[in-house]
Structure formats: structure tokens, C-alpha cells
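Below is the file work.pdb, which contains PDB, C-alpha atoms.
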ATOM      1  CA  MET F   1       0.000   0.000   0.000
ATOM      2  CA  ASN F   2       1.122   3.530  -0.660
ATOM      3  CA  VAL F   3       0.661   6.416   1.764
ATOM      4  CA  ASN F   4      -2.587   7.638   0.203
ATOM      5  CA  GLN F   5      -4.105   4.152   0.291
ATOM      6  CA  LEU F   6      -3.110   3.717   3.937
ATOM      7  CA  LEU F   7      -4.704   7.058   4.793
ATOM      8  CA  CYS F   8      -7.944   6.120   3.012
ATOM      9  CA  TYR F   9      -7.952   2.661   4.603
ATOM     10  CA  TYR F  10      -7.579   3.939   8.163
ATOM     11  CA  THR F  11     -10.032   6.807   7.606
ATOM     12  CA  LEU F  12     -12.719   4.462   6.291
ATOM     13  CA  ARG F  13     -12.005   1.915   9.006
ATOM     14  CA  MET F  14     -12.410   4.551  11.711
ATOM     15  CA  ALA F  15     -15.581   5.918  10.108
ATOM     16  CA  LEU F  16     -17.304   2.686   9.100
ATOM     17  CA  GLY F  17     -15.900   0.246  11.659
ATOM     18  CA  PRO F  18     -18.034   1.254  14.669
ATOM     19  CA  VAL F  19     -21.174   1.405  12.515
ATOM     20  CA  LEU F  20     -20.529  -1.983  10.929
ATOM     21  CA  GLY F  21     -19.555  -3.550  14.250
ATOM     22  CA  THR F  22     -22.751  -2.317  15.901
ATOM     23  CA  ILE F  23     -25.189  -3.129  13.111
ATOM     24  CA  MET F  24     -23.719  -6.550  12.307
ATOM     25  CA  ARG F  25     -22.815  -7.294  15.945
ATOM     26  CA  ILE F  26     -19.416  -8.609  14.910
ATOM     27  CA  ARG F  27     -17.694 -10.904  17.389
ATOM     28  CA  ALA F  28     -14.076 -11.808  16.682
ATOM     29  CA  GLU F  29     -11.858 -14.569  18.078
ATOM     30  CA  GLY F  30      -8.184 -15.201  17.424
ATOM     31  CA  THR F  31      -7.218 -11.667  16.409
ATOM     32  CA  GLU F  32      -4.004 -12.167  18.391
ATOM     33  CA  ASN F  33      -2.987 -14.728  15.747
ATOM     34  CA  VAL F  34      -2.345 -11.941  13.236
ATOM     35  CA  PRO F  35       1.278 -10.751  13.595
ATOM     36  CA  ALA F  36       1.774  -7.075  14.403
ATOM     37  CA  GLU F  37       4.238  -6.776  11.538
ATOM     38  CA  GLY F  38       5.632  -8.799   8.670
ATOM     39  CA  ALA F  39       3.981 -10.380   5.668
ATOM     40  CA  ALA F  40       1.304 -13.069   5.904
ATOM     41  CA  LEU F  41      -1.522 -14.338   3.713
ATOM     42  CA  LEU F  42      -5.041 -14.451   5.180
ATOM     43  CA  VAL F  43      -7.199 -17.176   3.608
ATOM     44  CA  GLY F  44     -10.856 -17.871   4.333
ATOM     45  CA  ASN F  45     -14.387 -18.667   3.220
ATOM     46  CA  HIS F  46     -16.578 -16.365   1.169
ATOM     47  CA  ARG F  47     -20.343 -15.870   0.866
ATOM     48  CA  ASN F  48     -20.818 -12.105   0.668
ATOM     49  CA  PRO F  49     -18.483  -9.981  -1.508
ATOM     50  CA  PHE F  50     -18.725  -6.959   0.781
ATOM     51  CA  LEU F  51     -19.487  -8.104   4.329
ATOM     52  CA  ASP F  52     -16.768 -10.778   4.402
ATOM     53  CA  PRO F  53     -13.746  -8.524   3.733
ATOM     54  CA  LEU F  54     -15.269  -5.671   5.735
ATOM     55  CA  SER F  55     -15.778  -7.883   8.799
ATOM     56  CA  ILE F  56     -12.174  -9.152   8.690
ATOM     57  CA  SER F  57     -10.866  -5.619   8.170
ATOM     58  CA  TYR F  58     -12.930  -4.565  11.186
ATOM     59  CA  ALA F  59     -11.518  -7.376  13.342
ATOM     60  CA  VAL F  60      -7.861  -6.984  12.309
ATOM     61  CA  GLU F  61      -6.125  -3.732  13.234
ATOM     62  CA  ARG F  62      -3.467  -3.964  10.528
ATOM     63  CA  PRO F  63      -4.359  -2.793   7.016
ATOM     64  CA  ILE F  64      -5.102  -5.654   4.644
ATOM     65  CA  VAL F  65      -4.382  -5.686   0.922
ATOM     66  CA  TRP F  66      -7.366  -7.622  -0.413
ATOM     67  CA  GLY F  67      -7.423  -9.570  -3.643
ATOM     68  CA  ALA F  68     -10.860  -9.148  -5.243
ATOM     69  CA  ALA F  69     -12.576 -10.510  -8.344
ATOM     70  CA  SER F  70     -11.680  -8.261 -11.259
ATOM     71  CA  PHE F  71     -15.320  -7.632 -12.200
ATOM     72  CA  ILE F  72     -15.616  -5.473  -9.071
ATOM     73  CA  PHE F  73     -13.358  -2.978 -10.820
ATOM     74  CA  LYS F  74     -15.828  -2.689 -13.721
ATOM     75  CA  ILE F  75     -18.380  -1.075 -11.404
ATOM     76  CA  PRO F  76     -17.408   2.631 -11.239
ATOM     77  CA  VAL F  77     -18.234   3.230  -7.565
ATOM     78  CA  MET F  78     -16.619  -0.022  -6.451
ATOM     79  CA  ARG F  79     -13.545   0.598  -8.612
ATOM     80  CA  ALA F  80     -12.979   3.936  -6.894
ATOM     81  CA  PHE F  81     -13.557   2.459  -3.425
ATOM     82  CA  ALA F  82     -11.431  -0.654  -3.940
ATOM     83  CA  GLY F  83      -8.571   1.218  -5.552
ATOM     84  CA  SER F  84      -8.489   3.853  -2.824
ATOM     85  CA  VAL F  85      -7.808   1.250  -0.107
ATOM     86  CA  GLY F  86      -5.241  -0.804  -2.022
ATOM     87  CA  THR F  87      -7.434  -3.700  -3.177
ATOM     88  CA  LYS F  88      -5.946  -5.597  -6.125
ATOM     89  CA  PRO F  89      -7.919  -7.295  -8.927
ATOM     90  CA  ILE F  90      -7.759 -11.033  -9.613
ATOM     91  CA  ASP F  91      -9.037 -12.373 -12.926
ATOM     92  CA  VAL F  92     -11.417 -15.190 -11.951
ATOM     93  CA  PHE F  93     -10.963 -16.865 -15.336
ATOM     94  CA  GLY F  94      -7.289 -17.510 -14.590
ATOM     95  CA  GLY F  95      -4.957 -17.722 -17.571
ATOM     96  CA  LYS F  96      -2.092 -15.294 -18.142
ATOM     97  CA  GLN F  97      -3.932 -12.377 -16.575
ATOM     98  CA  GLY F  98      -4.842 -14.447 -13.529
ATOM     99  CA  ARG F  99      -1.208 -15.459 -13.039
ATOM    100  CA  LYS F 100      -0.126 -11.850 -13.451
ATOM    101  CA  ASP F 101      -2.649 -10.760 -10.817
ATOM    102  CA  LEU F 102      -1.418 -13.402  -8.373
ATOM    103  CA  ASP F 103       2.161 -12.282  -9.004
ATOM    104  CA  ASN F 104       0.985  -8.792  -8.064
ATOM    105  CA  LEU F 105      -0.229 -10.138  -4.708
ATOM    106  CA  THR F 106       3.107 -11.906  -4.250
ATOM    107  CA  GLY F 107       4.766  -8.530  -4.714
ATOM    108  CA  SER F 108       2.655  -7.045  -1.926
ATOM    109  CA  LEU F 109       3.743  -9.865   0.384
ATOM    110  CA  GLU F 110       7.371  -9.302  -0.546
ATOM    111  CA  ASP F 111       6.846  -5.667   0.462
ATOM    112  CA  GLY F 112       5.812  -6.875   3.932
ATOM    113  CA  ASP F 113       2.054  -6.333   3.549
ATOM    114  CA  LEU F 114      -0.719  -8.363   5.130
ATOM    115  CA  VAL F 115      -2.701  -9.779   2.201
ATOM    116  CA  GLY F 116      -6.169 -11.349   2.195
ATOM    117  CA  ILE F 117      -7.775 -13.646  -0.364
ATOM    118  CA  PHE F 118     -10.921 -15.764  -0.749
ATOM    119  CA  PRO F 119      -9.959 -18.958  -2.630
ATOM    120  CA  GLU F 120     -13.578 -20.017  -3.229
ATOM    121  CA  GLY F 121     -13.792 -17.202  -5.745
ATOM    122  CA  VAL F 122     -17.268 -16.282  -6.964
ATOM    123  CA  HIS F 123     -18.770 -19.773  -6.826
ATOM    124  CA  THR F 124     -20.498 -19.381  -3.464
ATOM    125  CA  MET F 125     -22.197 -16.212  -4.692
ATOM    126  CA  ALA F 126     -23.586 -18.121  -7.666
ATOM    127  CA  LYS F 127     -24.804 -20.969  -5.434
ATOM    128  CA  PRO F 128     -25.125 -19.582  -1.884
ATOM    129  CA  HIS F 129     -27.322 -22.467  -0.754
ATOM    130  CA  SER F 130     -24.998 -25.203  -1.906
ATOM    131  CA  VAL F 131     -24.869 -28.330   0.249
ATOM    132  CA  SER F 132     -21.325 -27.365   1.205
ATOM    133  CA  LYS F 133     -21.109 -23.858   2.639
ATOM    134  CA  ILE F 134     -17.360 -23.925   2.074
ATOM    135  CA  GLN F 135     -16.680 -25.057  -1.459
ATOM    136  CA  THR F 136     -13.484 -26.205  -3.146
ATOM    137  CA  PHE F 137     -10.595 -23.746  -2.882
ATOM    138  CA  ARG F 138      -8.853 -22.593  -6.012
ATOM    139  CA  THR F 139      -5.172 -23.285  -5.572
ATOM    140  CA  GLY F 140      -3.433 -20.072  -6.634
ATOM    141  CA  PHE F 141      -3.128 -18.774  -3.067
ATOM    142  CA  ALA F 142      -0.866 -21.700  -2.115
ATOM    143  CA  ARG F 143       1.568 -20.867  -4.905
ATOM    144  CA  VAL F 144       1.545 -17.202  -3.838
ATOM    145  CA  ALA F 145       2.388 -18.107  -0.227
ATOM    146  CA  LEU F 146       5.153 -20.513  -1.256
ATOM    147  CA  ASN F 147       6.726 -18.064  -3.692
ATOM    148  CA  ALA F 148       6.690 -15.274  -1.096
ATOM    149  CA  ARG F 149       7.660 -17.701   1.717
ATOM    150  CA  VAL F 150       5.084 -16.319   4.135
ATOM    151  CA  PRO F 151       2.780 -18.049   6.638
ATOM    152  CA  LEU F 152      -0.858 -18.705   5.856
ATOM    153  CA  ILE F 153      -3.444 -17.475   8.360
ATOM    154  CA  PRO F 154      -6.785 -19.285   7.977
ATOM    155  CA  PHE F 155     -10.011 -17.575   8.989
ATOM    156  CA  ALA F 156     -13.724 -18.294   8.973
ATOM    157  CA  VAL F 157     -16.520 -15.765   8.553
ATOM    158  CA  ILE F 158     -19.676 -17.204  10.088
ATOM    159  CA  GLY F 159     -22.846 -15.408   9.065
ATOM    160  CA  LEU F 160     -25.626 -15.938  11.587
ATOM    161  CA  GLY F 161     -29.257 -15.397  10.679
ATOM    162  CA  GLU F 162     -28.652 -15.415   6.947
ATOM    163  CA  ARG F 163     -31.256 -13.750   4.768
ATOM    164  CA  ASN F 164     -31.689 -13.599   1.013
ATOM    165  CA  LEU F 165     -31.636 -10.204  -0.634
ATOM    166  CA  PRO F 166     -33.447  -9.635  -3.960
ATOM    167  CA  ARG F 167     -31.807 -11.526  -6.803
ATOM    168  CA  VAL F 168     -29.827  -9.382  -9.225
ATOM    169  CA  PRO F 169     -31.236 -10.133 -12.715
ATOM    170  CA  PRO F 170     -28.895 -11.794 -15.229
ATOM    171  CA  LYS F 171     -29.103  -8.922 -17.740
ATOM    172  CA  LEU F 172     -27.754  -6.507 -15.139
ATOM    173  CA  VAL F 173     -25.045  -8.923 -14.007
ATOM    174  CA  LYS F 174     -23.895  -9.504 -17.582
ATOM    175  CA  ILE F 175     -23.100  -5.805 -18.030
ATOM    176  CA  PHE F 176     -20.242  -6.165 -15.564
ATOM    177  CA  PHE F 177     -19.503  -9.879 -15.429
ATOM    178  CA  ASP F 178     -20.276 -12.495 -18.056
ATOM    179  CA  HIS F 179     -19.712 -15.816 -16.320
ATOM    180  CA  PRO F 180     -21.510 -19.127 -16.988
ATOM    181  CA  GLN F 181     -22.354 -19.593 -13.305
ATOM    182  CA  PHE F 182     -24.348 -16.362 -13.278
ATOM    183  CA  GLN F 183     -26.758 -17.136 -16.105
ATOM    184  CA  GLU F 184     -29.636 -16.953 -13.613
ATOM    185  CA  GLY F 185     -28.378 -13.790 -11.940
ATOM    186  CA  VAL F 186     -26.836 -13.374  -8.506
ATOM    187  CA  GLN F 187     -28.426 -14.169  -5.154
ATOM    188  CA  TRP F 188     -26.923 -11.988  -2.427
ATOM    189  CA  ILE F 189     -26.762 -13.195   1.170
ATOM    190  CA  TYR F 190     -27.115 -10.847   4.141
ATOM    191  CA  TYR F 191     -26.045 -11.612   7.724
ATOM    192  CA  ARG F 192     -27.841 -10.422  10.839
ATOM    193  CA  ARG F 193     -24.773 -11.169  12.944
ATOM    194  CA  ILE F 194     -21.187 -12.060  12.115
ATOM    195  CA  ARG F 195     -18.697 -14.196  13.962
ATOM    196  CA  VAL F 196     -15.066 -14.068  12.841
ATOM    197  CA  ARG F 197     -12.587 -16.785  13.835
ATOM    198  CA  ILE F 198      -8.930 -16.279  12.909
ATOM    199  CA  GLY F 199      -6.683 -19.303  13.195
ATOM    200  CA  CYS F 200      -3.032 -19.712  14.097
ATOM    201  CA  PRO F 201      -0.442 -18.924  11.401
ATOM    202  CA  ILE F 202       0.517 -22.012   9.419
ATOM    203  CA  ASP F 203       4.194 -22.355   8.537
ATOM    204  CA  LEU F 204       4.865 -23.681   5.040
ATOM    205  CA  SER F 205       8.620 -24.124   5.473
ATOM    206  CA  GLY F 206       8.191 -27.903   5.308
ATOM    207  CA  TYR F 207       7.530 -27.440   1.583
ATOM    208  CA  TYR F 208      10.322 -25.002   0.768
ATOM    209  CA  ASP F 209      12.760 -27.692  -0.359
ATOM    210  CA  GLN F 210      10.154 -29.354  -2.586
ATOM    211  CA  GLU F 211       9.297 -28.533  -6.171
ATOM    212  CA  ILE F 212       6.184 -26.363  -6.339
ATOM    213  CA  ASP F 213       4.147 -28.754  -8.459
ATOM    214  CA  ARG F 214       0.453 -29.542  -8.737
ATOM    215  CA  ALA F 215       0.587 -32.212  -6.029
ATOM    216  CA  VAL F 216       2.113 -29.850  -3.444
ATOM    217  CA  ILE F 217      -0.248 -27.011  -4.337
ATOM    218  CA  SER F 218      -3.300 -29.290  -4.169
ATOM    219  CA  GLN F 219      -2.222 -30.728  -0.822
ATOM    220  CA  ILE F 220      -1.799 -27.292   0.754
ATOM    221  CA  SER F 221      -5.061 -26.017  -0.713
ATOM    222  CA  GLY F 222      -7.031 -29.029   0.479
ATOM    223  CA  LYS F 223      -5.591 -28.948   3.997
ATOM    224  CA  ILE F 224      -6.153 -25.205   4.397
ATOM    225  CA  ARG F 225      -9.765 -25.619   3.285
ATOM    226  CA  ARG F 226     -10.267 -28.316   5.907
ATOM    227  CA  VAL F 227      -8.707 -26.062   8.567
ATOM    228  CA  VAL F 228     -11.130 -23.277   7.599
ATOM    229  CA  ILE F 229     -14.004 -25.755   7.917
ATOM    230  CA  LYS F 230     -12.745 -26.703  11.397
ATOM    231  CA  LEU F 231     -12.679 -23.025  12.388
ATOM    232  CA  TYR F 232     -16.149 -22.523  10.923
ATOM    233  CA  ASN F 233     -17.553 -25.462  12.883
ATOM    234  CA  GLY F 234     -15.612 -24.736  16.091
ATOM    235  CA  GLU F 235     -13.701 -28.020  15.954
ATOM    236  CA  GLU F 236     -10.174 -28.761  17.215
ATOM    237  CA  ASP F 237      -9.665 -25.220  18.479
ATOM    238  CA  GLU F 238      -6.644 -26.381  20.478
ATOM    239  CA  ARG F 239      -4.876 -27.042  17.163
ATOM    240  CA  PHE F 240      -6.139 -24.349  14.859
ATOM    241  CA  LEU F 241      -7.386 -21.407  16.964
ATOM    242  CA  ILE F 242      -5.490 -21.482  20.262
ATOM    243  CA  GLY F 243      -2.384 -23.347  19.127
ATOM    244  CA  GLU F 244      -1.977 -25.484  22.239
ATOM    245  CA  LYS F 245      -1.259 -28.497  20.018
ATOM    246  CA  PRO F 246       1.278 -28.095  17.191
ATOM    247  CA  PHE F 247       0.174 -28.534  13.594
ATOM    248  CA  ASP F 248       2.654 -29.418  10.847
ATOM    249  CA  ILE F 249       0.818 -28.964   7.566
ATOM    250  CA  ALA F 250       3.440 -30.880   5.588
ATOM    251  CA  ASN F 251       3.066 -34.048   7.678
ATOM    252  CA  ASP F 252      -0.086 -33.905   9.832
ATOM    253  CA  ARG F 253      -3.592 -34.859   8.811
ATOM    254  CA  VAL F 254      -6.521 -32.467   9.174
TER     255      VAL F 254
END

Kindly present the structure from the file in C-alpha cells form.
Amino acid sequence: MNVNQLLCYYTLRMALGPVLGTIMRIRAEGTENVPAEGAALLVGNHRNPFLDPLSISYAVERPIVWGAASFIFKIPVMRAFAGSVGTKPIDVFGGKQGRKDLDNLTGSLEDGDLVGIFPEGVHTMAKPHSVSKIQTFRTGFARVALNARVPLIPFAVIGLGERNLPRVPPKLVKIFFDHPQFQEGVQWIYYRRIRVRIGCPIDLSGYYDQEIDRAVISQISGKIRRVVIKLYNGEEDERFLIGEKPFDIANDRV
């Protein structure tokens, strides 16, 4: 983040934080797991494109460089807002542009920033009532963390009292984002209350001597997803929230 982005971030956090915290009744656990300085990659579940990053930014005192779906930047108001606080676009279709965007996030980590990403992408917004509330993680975040050699910090955003907002019609969605999963429009989810659970940092050094291939990336992605599910369900807190029991991601099962 540059100086202007930091100023905007802190100004908006001070202005909107108390309002958001009161209205959404945000309760946060594990905020002490976020280091006061140094780079780290926050990784968690995603059901609302606005409330999820806002609730984590409310809970964590450090500024967070968020990676957001690139279509957000096609909406004029959102482009101005996201750009002003240092949010970086990620092409959800992947390819060369997607890799370039992930390299951009790696650069932020190498600069010592705290970076946040939602590996489920846009899929949970297309199908918010899927059988699995935490769907398969896309794997790019694991490569980013390995390349930057930073710890992963898993988190879970738990929306309590979920309500459906009016569906955004497909014709309107297509103006900004033409994606096969949104042929029937977008169903937004609203939370009456939010619970945030931030897990212990996960050291990836056990993989540093290995080739960063598909098997390694898939293993990390799958294990981190299962850790997020544990945090979401309140399971094995002594391993993943409190850290009383050690967890070696390279060798331990989740």
C-alpha cells in the first residue's frame, strides 16, 4: 500500500468500523494470531463480496491488501472504493492475466504487507445455498504463499441469521460480469450477525525444499480448506485457533 491508500484505509475503518460492528454485531476470536508486523496471507471462506472482507478488516487492526474478483473494478463506484484502499484485482478466469494478478499479490507480500484472499472465488455467490457452505478452494493462493515464503493465516466468517436479498437479474449482471455460473443472476446473502474466527499462522517451510508442483499445491489447498471448515464449525480449536497443540501442515492430517 502507498501512503494515500493507507490514509484512506484507516479513515474508512475509523468511520465505518463502529457502525458496521454495531449493526452486524461482529464478534471476533483469534485476532491475536495476526502478527503485528511482517507479511502473511489471510485465507478464508466467502459468501458475501462486501461483508466478508469488511468484517475481517474490522476485526484486524493492521491494514489488509485484499485480492478481489476483477469484475468489481468494472463497477465505477466499487472501482474507486477498492482502488483507494489498495485492493488488487484477480481475474477469476485464470490464464495469463490471472497469473499476473497473483504475481501482483506476491509482490505485496514481498513488500511486507498483510494480504487477504478468498480462494472459493465467486462460486459461493452463484450458489449460496450449496450443500457445502465452504466449497473447493482454487489453488493459486498456495503458490503465492510458497513463492513469497510467508505463513498462511486461515479464517472463517460465520454469518448468523442469513437472509436472502433480492436476486440481481442476469441482464444486469452480464453488463459487468459475463460468467456461466451467473446465467440466472446473482443471489446476495445478508447476515444479521457475524462471527469471525482467525486461526493460528501455518508455517509452510516444510515445503520449501520441494518442487512447487500440482501435487504440493493441491495438498496445501485441500488442507487449508479443511482447517477453515474446522474453524467454521468450532472443531479442534486447540490445534487451529489457540495453538496449544502443534500442527505441521506438511506431515499432519486435518

Practice item. Counting only C-alpha atoms, figure out which residue out of F:Ala250, F:Ala80, F:Val228, F:Ile75 gets nearest to F:Ile175. Key: F:Ile75

Practice item. Can you pull out every residue within 10 Å of stretch 59-67 of chain F, counting all atoms listed in the file, but drop anything in the same chain fewer than 5 positions away, and send it as a ChimeraX atom specification? Key: /F:1,5-6,9-10,13,17,21,26-37,40-42,53-54,82,85-91,101-102,104-105,108-109,113-119,195-198

Exercise for review: Point out the residue among F:Asp248, F:Phe176, F:Leu152, F:Thr139 with the least atom-to-atom distance to F:Gln219, counting all atoms listed in the file.
Suggested key: F:Thr139

Provide an axis-aligned box for all listed atoms of stretch 220-233 of chain F, padding each side by 5 Å; report its centre and its edge lengths in Å to one decimal, as AutoDock Vina command-line options.
--center_x -9.7 --center_y -25.8 --center_z 6.1 --size_x 25.8 --size_y 16.5 --size_z 23.6

Practice item. List, as a list in words, every residue that the PyMOL selection byres ((chain F and resi 240) around 8) selects in the file provided. Key: Gly199, Cys200, Val227, Lys230, Leu231, Glu236, Asp237, Glu238, Arg239, Leu241, Ile242, Gly243 and Phe247 of chain F
